[in-house]
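One file, structure-v9.cif, carrying mmCIF, C-alpha atoms:
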data_protein
loop_
_atom_site.label_atom_id
_atom_site.label_comp_id
_atom_site.auth_asym_id
_atom_site.auth_seq_id
_atom_site.Cartn_x
_atom_site.Cartn_y
_atom_site.Cartn_z
CA MET A 1 -22.88 21.29 15.52
CA THR A 2 -24.67 18.05 14.68
CA GLY A 3 -23.09 18.09 11.22
CA ILE A 4 -19.60 18.43 12.70
CA LEU A 5 -20.24 15.47 14.99
CA GLN A 6 -21.48 13.45 12.04
CA LEU A 7 -18.31 14.35 10.15
CA PHE A 8 -16.10 13.08 12.97
CA GLN A 9 -18.25 9.97 13.27
CA ALA A 10 -17.90 9.31 9.54
CA ILE A 11 -14.12 9.83 9.66
CA GLY A 12 -13.82 7.54 12.67
CA LEU A 13 -15.90 4.86 10.98
CA GLY A 14 -13.83 5.10 7.82
CA LEU A 15 -10.54 4.81 9.73
CA VAL A 16 -11.82 1.78 11.64
CA LEU A 17 -12.65 0.10 8.33
CA LEU A 18 -9.54 1.10 6.36
CA LEU A 19 -6.61 1.10 8.79
CA PRO A 20 -6.67 -2.65 9.53
CA LEU A 21 -6.66 -3.31 5.79
CA ALA A 22 -4.09 -0.65 4.91
CA ASN A 23 -1.86 -1.67 7.87
CA PRO A 24 0.82 1.07 7.73
CA LEU A 25 3.16 -0.97 9.95
CA THR A 26 3.46 -3.60 7.23
CA THR A 27 4.45 -0.87 4.79
CA VAL A 28 7.08 0.37 7.26
CA ALA A 29 8.62 -3.11 7.42
CA LEU A 30 8.55 -3.28 3.63
CA LEU A 31 10.30 0.08 3.36
CA LEU A 32 12.97 -1.12 5.80
CA GLY A 33 13.60 -4.14 3.63
CA LEU A 34 13.84 -2.20 0.37
CA SER A 35 15.64 0.99 1.38
CA SER A 36 18.87 -0.30 2.93
CA ASN A 37 20.93 1.45 0.22
CA MET A 38 19.01 4.71 0.31
CA THR A 39 20.08 7.91 1.94
CA ARG A 40 17.87 9.55 4.53
CA GLU A 41 16.69 12.14 2.00
CA GLU A 42 15.78 9.46 -0.55
CA ARG A 43 13.90 7.45 2.06
CA ASN A 44 11.95 10.52 3.21
CA GLN A 45 11.10 11.37 -0.40
CA GLN A 46 9.85 7.83 -1.03
CA SER A 47 7.75 8.04 2.15
CA LEU A 48 6.12 11.28 1.05
CA MET A 49 5.47 10.07 -2.49
CA ALA A 50 4.01 6.76 -1.24
CA SER A 51 1.59 8.67 0.99
CA VAL A 52 0.53 10.92 -1.90
CA TYR A 53 0.03 7.88 -4.13
CA VAL A 54 -2.08 6.17 -1.45
CA PHE A 55 -4.34 9.21 -1.20
CA CYS A 56 -4.72 9.36 -4.98
CA ILE A 57 -5.40 5.62 -5.33
CA MET A 58 -8.04 5.64 -2.60
CA THR A 59 -9.73 8.74 -3.99
CA VAL A 60 -9.85 7.34 -7.52
CA ALA A 61 -11.10 3.98 -6.21
CA PHE A 62 -13.94 5.70 -4.34
CA TYR A 63 -15.14 8.02 -7.08
CA ALA A 64 -14.32 6.03 -10.22
CA GLY A 65 -13.27 2.56 -9.11
CA GLN A 66 -16.44 0.75 -10.10
CA VAL A 67 -16.58 2.55 -13.44
CA VAL A 68 -12.95 1.70 -14.25
CA MET A 69 -13.37 -1.94 -13.28
CA ASN A 70 -16.57 -2.27 -15.30
CA THR A 71 -14.97 -0.55 -18.29
CA PHE A 72 -12.02 -2.93 -18.39
CA GLY A 73 -14.00 -5.96 -17.23
CA ILE A 74 -12.03 -6.37 -13.99
CA SER A 75 -13.68 -8.22 -11.12
CA ILE A 76 -12.85 -8.08 -7.42
CA PRO A 77 -11.50 -11.68 -7.50
CA GLY A 78 -9.33 -10.71 -10.47
CA LEU A 79 -8.06 -7.72 -8.53
CA ARG A 80 -7.21 -9.94 -5.56
CA ILE A 81 -5.37 -12.50 -7.70
CA ALA A 82 -3.38 -9.84 -9.57
CA GLY A 83 -2.45 -8.16 -6.30
CA GLY A 84 -1.47 -11.51 -4.84
CA LEU A 85 0.86 -12.25 -7.75
CA ILE A 86 2.55 -8.86 -7.35
CA VAL A 87 2.94 -9.27 -3.59
CA ALA A 88 4.32 -12.80 -3.95
CA PHE A 89 6.79 -11.70 -6.63
CA ILE A 90 8.10 -8.88 -4.44
CA GLY A 91 8.30 -11.29 -1.51
CA PHE A 92 10.39 -13.78 -3.49
CA ARG A 93 12.80 -11.02 -4.50
CA MET A 94 13.21 -9.98 -0.87
CA LEU A 95 13.49 -13.57 0.38
CA PHE A 96 16.10 -14.52 -2.23
CA PRO A 97 17.93 -11.30 -3.07
CA GLN A 98 20.38 -11.23 -5.94
CA GLN A 99 23.99 -11.32 -4.84
CA SER A 100 25.41 -7.86 -5.39
CA PRO A 101 28.87 -7.69 -7.03
CA GLU A 102 31.84 -6.41 -5.12
CA GLU A 103 32.03 -2.63 -5.22
CA ALA A 104 34.83 -1.45 -7.50
CA PRO A 105 35.81 2.01 -8.77
CA GLU A 106 34.74 1.20 -12.34
CA VAL A 107 31.21 0.19 -11.27
CA GLU A 108 30.67 2.62 -8.40
CA SER A 109 29.00 5.31 -10.51
CA LYS A 110 26.82 2.73 -12.24
CA SER A 111 25.77 1.21 -8.91
CA HIS A 112 24.86 4.66 -7.64
CA GLU A 113 22.75 5.24 -10.75
CA LEU A 114 20.98 1.89 -10.31
CA ARG A 115 20.20 2.67 -6.69
CA HIS A 116 18.58 5.92 -7.75
CA LYS A 117 16.52 4.11 -10.37
CA THR A 118 15.40 1.53 -7.82
CA SER A 119 14.48 4.12 -5.21
CA ALA A 120 12.43 6.03 -7.78
CA ASN A 121 10.15 3.04 -8.27
CA ILE A 122 9.29 1.75 -4.80
CA ALA A 123 6.98 4.60 -3.76
CA PHE A 124 4.12 3.47 -6.00
CA VAL A 125 4.96 -0.24 -6.23
CA PRO A 126 5.08 -1.82 -3.71
CA LEU A 127 4.69 0.78 -0.93
CA ALA A 128 1.47 2.43 -2.10
CA MET A 129 0.12 -0.49 -4.11
CA PRO A 130 -0.33 -3.29 -3.23
CA SER A 131 1.10 -2.91 0.29
CA THR A 132 -1.11 -0.08 1.60
CA ALA A 133 -3.82 0.39 -1.02
CA GLY A 134 -4.00 -3.31 -1.78
CA PRO A 135 -6.80 -5.44 -3.21
CA GLY A 136 -8.62 -5.68 0.13
CA THR A 137 -8.47 -1.93 0.69
CA ILE A 138 -9.63 -1.10 -2.84
CA ALA A 139 -12.43 -3.67 -2.68
CA MET A 140 -13.61 -2.20 0.63
CA ILE A 141 -13.58 1.35 -0.78
CA ILE A 142 -15.47 0.38 -3.94
CA SER A 143 -18.08 -1.60 -2.03
CA SER A 144 -18.51 1.21 0.51
CA ALA A 145 -18.90 3.85 -2.20
CA SER A 146 -22.34 2.58 -3.22
CA SER A 147 -23.59 2.68 0.38
CA VAL A 148 -22.22 6.20 0.88
CA LYS A 149 -23.73 7.49 -2.35
CA ALA A 150 -27.08 5.97 -1.40
CA ASN A 151 -26.82 7.74 1.99
CA SER A 152 -27.90 4.56 3.75
CA LEU A 153 -26.16 5.73 6.93
CA GLY A 154 -28.28 8.86 7.36
CA PHE A 155 -25.48 11.45 7.26
CA GLU A 156 -26.03 14.96 5.96
CA PRO A 157 -25.14 15.41 2.27
CA TRP A 158 -22.21 17.74 2.90
CA VAL A 159 -20.77 15.24 5.39
CA LEU A 160 -20.86 12.53 2.73
CA ALA A 161 -19.10 14.90 0.33
CA VAL A 162 -16.30 15.85 2.72
CA ALA A 163 -15.78 12.67 4.77
CA PRO A 164 -14.27 10.39 2.07
CA VAL A 165 -11.53 12.86 1.16
CA ALA A 166 -10.86 13.55 4.85
CA ILE A 167 -10.62 9.82 5.58
CA PHE A 168 -8.20 9.15 2.73
CA LEU A 169 -6.10 12.18 3.67
CA THR A 170 -5.94 11.01 7.29
CA VAL A 171 -4.83 7.53 6.25
CA ALA A 172 -2.14 9.06 4.02
CA VAL A 173 -0.87 11.30 6.84
CA ILE A 174 -0.77 8.36 9.27
CA LEU A 175 1.17 6.33 6.71
CA TRP A 176 3.59 9.19 6.13
CA GLY A 177 4.26 9.53 9.86
CA CYS A 178 4.85 5.79 10.19
CA LEU A 179 7.21 5.71 7.21
CA LEU A 180 9.21 8.65 8.53
CA SER A 181 9.91 6.60 11.67
CA SER A 182 11.68 3.97 9.55
CA GLY A 183 14.90 6.00 9.70
CA ALA A 184 15.02 5.76 13.47
CA ILE A 185 14.30 2.03 13.27
CA MET A 186 17.15 1.61 10.77
CA ARG A 187 19.61 3.35 13.05
CA LEU A 188 18.43 1.22 15.98
CA VAL A 189 18.65 -2.26 14.43
CA GLY A 190 21.62 -1.73 12.11
CA LYS A 191 22.45 -3.29 8.74
CA SER A 192 22.27 -6.90 9.91
CA GLY A 193 18.90 -6.27 11.53
CA ILE A 194 17.59 -4.72 8.31
CA GLU A 195 18.71 -7.77 6.34
CA ALA A 196 16.89 -10.03 8.79
CA ILE A 197 13.75 -7.86 8.58
CA SER A 198 13.99 -7.96 4.79
CA ARG A 199 14.11 -11.78 4.69
CA LEU A 200 11.28 -12.10 7.23
CA MET A 201 9.18 -9.54 5.40
CA GLY A 202 9.83 -11.35 2.13
CA PHE A 203 8.50 -14.60 3.60
CA LEU A 204 5.43 -12.84 4.99
CA LEU A 205 4.78 -11.15 1.64
CA VAL A 206 4.92 -14.49 -0.16
CA CYS A 207 2.38 -15.85 2.35
CA MET A 208 0.18 -12.77 1.92
CA GLY A 209 0.36 -13.01 -1.86
CA VAL A 210 -0.60 -16.68 -1.84
CA GLN A 211 -3.49 -15.91 0.52
CA PHE A 212 -4.70 -13.12 -1.79
CA ILE A 213 -4.68 -15.60 -4.67
CA ILE A 214 -6.54 -18.22 -2.59
CA ASN A 215 -9.17 -15.67 -1.58
CA GLY A 216 -9.64 -14.62 -5.19
CA VAL A 217 -10.00 -18.23 -6.37
CA LEU A 218 -12.48 -18.99 -3.58
CA GLU A 219 -14.54 -15.93 -4.55
CA ILE A 220 -14.60 -17.12 -8.16
CA ILE A 221 -15.69 -20.59 -7.07
CA SER A 222 -18.43 -19.25 -4.80
CA THR A 223 -19.63 -16.84 -7.51
CA TYR A 224 -19.88 -19.32 -10.37
CA THR A 225 -20.86 -22.43 -8.42
CA PRO A 226 -24.62 -22.96 -8.77
CA ALA A 227 -26.55 -23.13 -5.53
CA ALA A 228 -27.69 -26.60 -4.49
#

Kindly present the structure from the file in structure tokens form.
Amino acid sequence: MTGILQLFQAIGLGLVLLLPLANPLTTVALLLGLSSNMTREERNQQSLMASVYVFCIMTVAFYAGQVVMNTFGISIPGLRIAGGLIVAFIGFRMLFPQQSPEEAPEVESKSHELRHKTSANIAFVPLAMPSTAGPGTIAMIISSASSVKANSLGFEPWVLAVAPVAIFLTVAVILWGCLLSSGAIMRLVGKSGIEAISRLMGFLLVCMGVQFIINGVLEIISTYTPAA
């Protein structure tokens, strides 16, 4: 019974640490801004795939993140700056969308094909990464992995083996539930409301991307600046 309580304590602690960083509501707003031309089935499929990708990214980051980053020489500040550039780029595209041409019979089939190509790409980037499993989330997972493997928290070994997967699965399920609610939000606010959300979300993403870059640069400065 003590082991079960420890498992729930570990899951609760993990959710407290990860959910504020993952912030599923931000991903919902991003989905609203990018899926205005999708059907309900396409939007639900993107929601499911994004949740699966988030679970996979978090699991890989926990078990192999440090090894991968060391192998390719990637630092946490570098991860933050790269994520910031991606977020800012996506934000600029949402803030200043390209003017779509007038729908005509000769381009209707091509437009439909392009929409399908676009919808096939947003589940991983930007919904899963860097929106949900962003630089902050990945950095937290990698830094927490060493503490968990060292068993510095005093949990039973089987709890430490089960808890990470359970935490990541719970975050993915919460994200999936939040993303599924985007359809109801779309019907409530309408097309004009979605366009306004898209522009606002674009501005916020640009700000978030710039802040990621600033944080990465500050970490580099603090790391390589000699102590007085």

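Take the candidates A:Phe212, A:Trp158, A:Phe203, A:Phe124 and check each one against Val52 of chain A using all atoms listed in the file; the shortest distance goes to A:Phe124.
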
task: Write out as a PyMOL selection string which residues come within 10 Å of segment 3-7 of chain A when counting all atoms listed in the file, dropping same-chain ones fewer than 4 positions away.
output: chain A and resi 11-13+154-164+166

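Distances here use all atoms listed in the file; by that measure, the residue among A:Leu32, A:Ser222, A:Trp176, A:Ile142 closest to Leu188 of chain A is A:Leu32.
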
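Among A:Leu85, A:Pro24, A:Phe92, A:Leu169, the residue with the shortest atom-to-atom distance to Cys56 of chain A, counting all atoms listed in the file, is A:Leu169.
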
- request: Would you work out the distance separating atom CA of Pro130 of chain A from atom CA of Gly209 of chain A, expressed in Å to one decimal?
  value: 9.8 Å

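Distances from A:Gly73, A:Gly83, A:Gly193, A:Pro20 to Ile214 of chain A were compared using all atoms listed in the file, and the smallest one belongs to A:Gly83.
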